[in-house]
Amino acid sequence: MPLFDSLYNFAHWLTQNRDEAEDLVQETYAKALKGFGSFQPGTNFRAWIFRILRNTFLTSRTGLAATKTVPLESEDEPEQTVAVSRATPESILLGQADQQQVQAALEQVPVIYREVLLLCDVEEMSYQEIADTLAVPIGTVMSRLYRARKALRAALQEQGKMRETKHG
Amino acid sequence: MADDRWQPKLDQYLDSELSAEEMRGMDAHLRECASCSGDALRRMQLKRATRLAGQRYAPSAEFRRRIERKVAAKSPARRWLWIPALAMAAVVLLAATITVGRWYERSRSEQLLAELADLHVADLASPTPVDVVSSDRHTVKPWFQGKLPFTFDLPELPGTGYTLVGGRVAYLEHEPGAHLLYDAGAHHISVFIFRDRPEIERVFPARDSTRRVLSFHVESWAAGGLRYFVFGDASPEAIQGLSRLLKQAGT
């Protein structure tokens with residue numbers, strides 16, 4: 001089953017729970033087979049099936065709870081980008097390539113940002129594919145990605161500070 | 001000081017979302033602007049760390065079997081309704097499998113190249129880019145003995161336009177290898193030598209070719225069970241020239 005591993009990984013990151021991730025993937029395949037008629041040949045199959053999974057998640061109890069707590073900023077307004085400064089705690093952390101700490105930081109990022117990071121950096125979807133999956137304009141994908149990376153850096157910085165406090 | 005025109009586009013550049021013309025413009029800008037190239041490196045590190053950290057969860061074999069059974073086991077009375085849909089799904093899924101397979105290989109290749117780019121740039125930014133400093137291959141090569149699980153040969157360089165700067169041990173996906181640094185005019189070229197593995201062979205087929213990665217050129221080949229990468233911002237001709245010398249030394 002193609003995309004099975006990717007869908008499961010994405011589902012587990014969204015739900016943060018193995019049983020719920022399995023239920024989500026199972027329901028996704030059931031809906032995909034049932035609604036295969038709505039898939040238009042020639043359009044992006046990957047975006048289509050990821051969209052089913054994501055929509056199923058959003059209507060689940062965990063999904064509703066997770067998205068309810070996210071402050072929605074005015075996403076269509078482009079943010080002023082700033083340079084990623086030299087030798088910040090998170091760049092030091094990244095230099096040490098501690099995968100567990102990046103995973104912990106990803107867990108802390110709100111789900112609406114986590115999903116866009118996963119689709120872009122793990123699934124390596126184009127902005128257009130992400131826009132199709134999330135059913136939002138490309139401009140929203142870009143601003144959401146910008147905020148997601150900022151949130152991830154902040155989470156890594158927080159971990160860096162905590163580590164410094166712990167060790168010193 | 002970061003450049004106001006290019007700096008806001010760095011994420012789009014690293015996500016391969018700029019037009020071909022803008023990609024070329026950014027390549028040229030990064031070669032000249034230390035601030036933006038440092039910023040790009042830090043963003044690339046975050047992107048790569050996210051990719052590695054994000055590939056975290058794998059479905060259990062039991063769950064996979066369960067889903068396969070559920071997909072296959074439809075009630076006999078309704079099975080005929082599924083035949084056209086399943087046939088169509090099979091065609092699309094086959095196409096998706098091929099696409100995903102190719103995408104995975106491309107992704108693996110990009111991941112390896114991104115790691116090499118990190119090693120190259122981090123090395124140059126380091127106050128001690130090499131641990132053994134010598135232009136003499138008879139000094140540099142023995143230095144690696146006992147540090148690596150393999151040996152390799154290095155070429156004679158006088159009159160070739162290349163100068164050996166030195167070397168250090170590097171790690172690619174937790175595998176130790178040699179990282180040699182050469183000067184070619186105003187450019188630095190990294191040569192990486194690792195034991196060849198089937199998974200690297202799959203994403204870097206044996207044919208000789210010089211690829212472009214961000215603003216770098218890279219040539220890779222396998223010989224005698226070893227995998228070579230010649231990597232740097234020098235011209236493709238300079239990369240190919242050093243590659244030729246290394247291939248001759250290895251035969």
# chains A, B, ... in the order shown; residues from 1 in each chain; ligands from 1
call {"tool": "residues_around", "arguments": {"residues": "range 133-147 of chain B", "least_positions_apart": "2", "cutoff": "6 Å", "atoms": "only C-alpha atoms", "output": "VMD selection string"}}
result
chain B and resid 164 to 166
call {"tool": "interface_residues", "arguments": {"of": "chain B", "to": "chain A", "cutoff": "6 Å", "atoms": "only C-alpha atoms", "output": "list in words"}}
result
Pro8, Asp39, Arg51, Ala53, Gly54, Tyr57 and Thr97 of chain B
call {"tool": "write_last_selection", "arguments": {"atoms": "N, CA and C atoms", "output": "PDB file, in the first residue's frame"}}
result
ATOM      1  N   PRO B   8      14.674  37.646   2.605  1.00  0.00           N
ATOM      2  CA  PRO B   8      13.316  37.140   2.839  1.00  0.00           C
ATOM      3  C   PRO B   8      12.955  35.937   1.966  1.00  0.00           C
ATOM      4  N   ASP B  39      23.148  32.511   7.031  1.00  0.00           N
ATOM      5  CA  ASP B  39      21.725  32.392   7.372  1.00  0.00           C
ATOM      6  C   ASP B  39      21.121  31.187   6.656  1.00  0.00           C
ATOM      7  N   ARG B  51      13.471  17.199   8.928  1.00  0.00           N
ATOM      8  CA  ARG B  51      13.198  16.027   8.083  1.00  0.00           C
ATOM      9  C   ARG B  51      13.603  14.737   8.809  1.00  0.00           C
ATOM     10  N   ALA B  53      14.105  14.293  12.080  1.00  0.00           N
ATOM     11  CA  ALA B  53      13.323  14.084  13.307  1.00  0.00           C
ATOM     12  C   ALA B  53      11.880  13.708  12.985  1.00  0.00           C
ATOM     13  N   GLY B  54      11.386  14.203  11.860  1.00  0.00           N
ATOM     14  CA  GLY B  54       9.979  13.977  11.509  1.00  0.00           C
ATOM     15  C   GLY B  54       9.676  12.567  11.044  1.00  0.00           C
ATOM     16  N   TYR B  57       7.711   7.773  13.230  1.00  0.00           N
ATOM     17  CA  TYR B  57       6.791   6.703  13.592  1.00  0.00           C
ATOM     18  C   TYR B  57       6.586   5.725  12.438  1.00  0.00           C
ATOM     19  N   THR B  97       3.139   4.570  -6.615  1.00  0.00           N
ATOM     20  CA  THR B  97       4.284   3.819  -6.092  1.00  0.00           C
ATOM     21  C   THR B  97       5.541   4.208  -6.842  1.00  0.00           C
TER      22      THR B  97
END
call {"tool": "atom_distance", "arguments": {"atom1": "CA of Asp123 in chain B", "atom2": "CA of His179 in chain B"}}
result
9.4 Å
call {"tool": "atom_distance", "arguments": {"atom1": "CA of Gly25 in chain B", "atom2": "CA of Gly232 in chain B"}}
result
18.5 Å
call {"tool": "closest_residue", "arguments": {"among": "A:Leu156, A:Met162, A:Ser60, A:Val116", "to": "Arg144 in chain A", "atoms": "only C-alpha atoms"}}
result
A:Val116
call {"tool": "residues_around", "arguments": {"residues": "range 218-221 of chain B", "least_positions_apart": "4", "cutoff": "12 Å", "atoms": "only C-alpha atoms", "output": "PyMOL selection string"}}
result
chain B and resi 109-110+112-114+116-117+120+189-197+200-214+225-244+246-247+250
call {"tool": "atom_distance", "arguments": {"atom1": "CA of Ile112 in chain A", "atom2": "CA of Arg43 in chain B"}}
result
20.4 Å
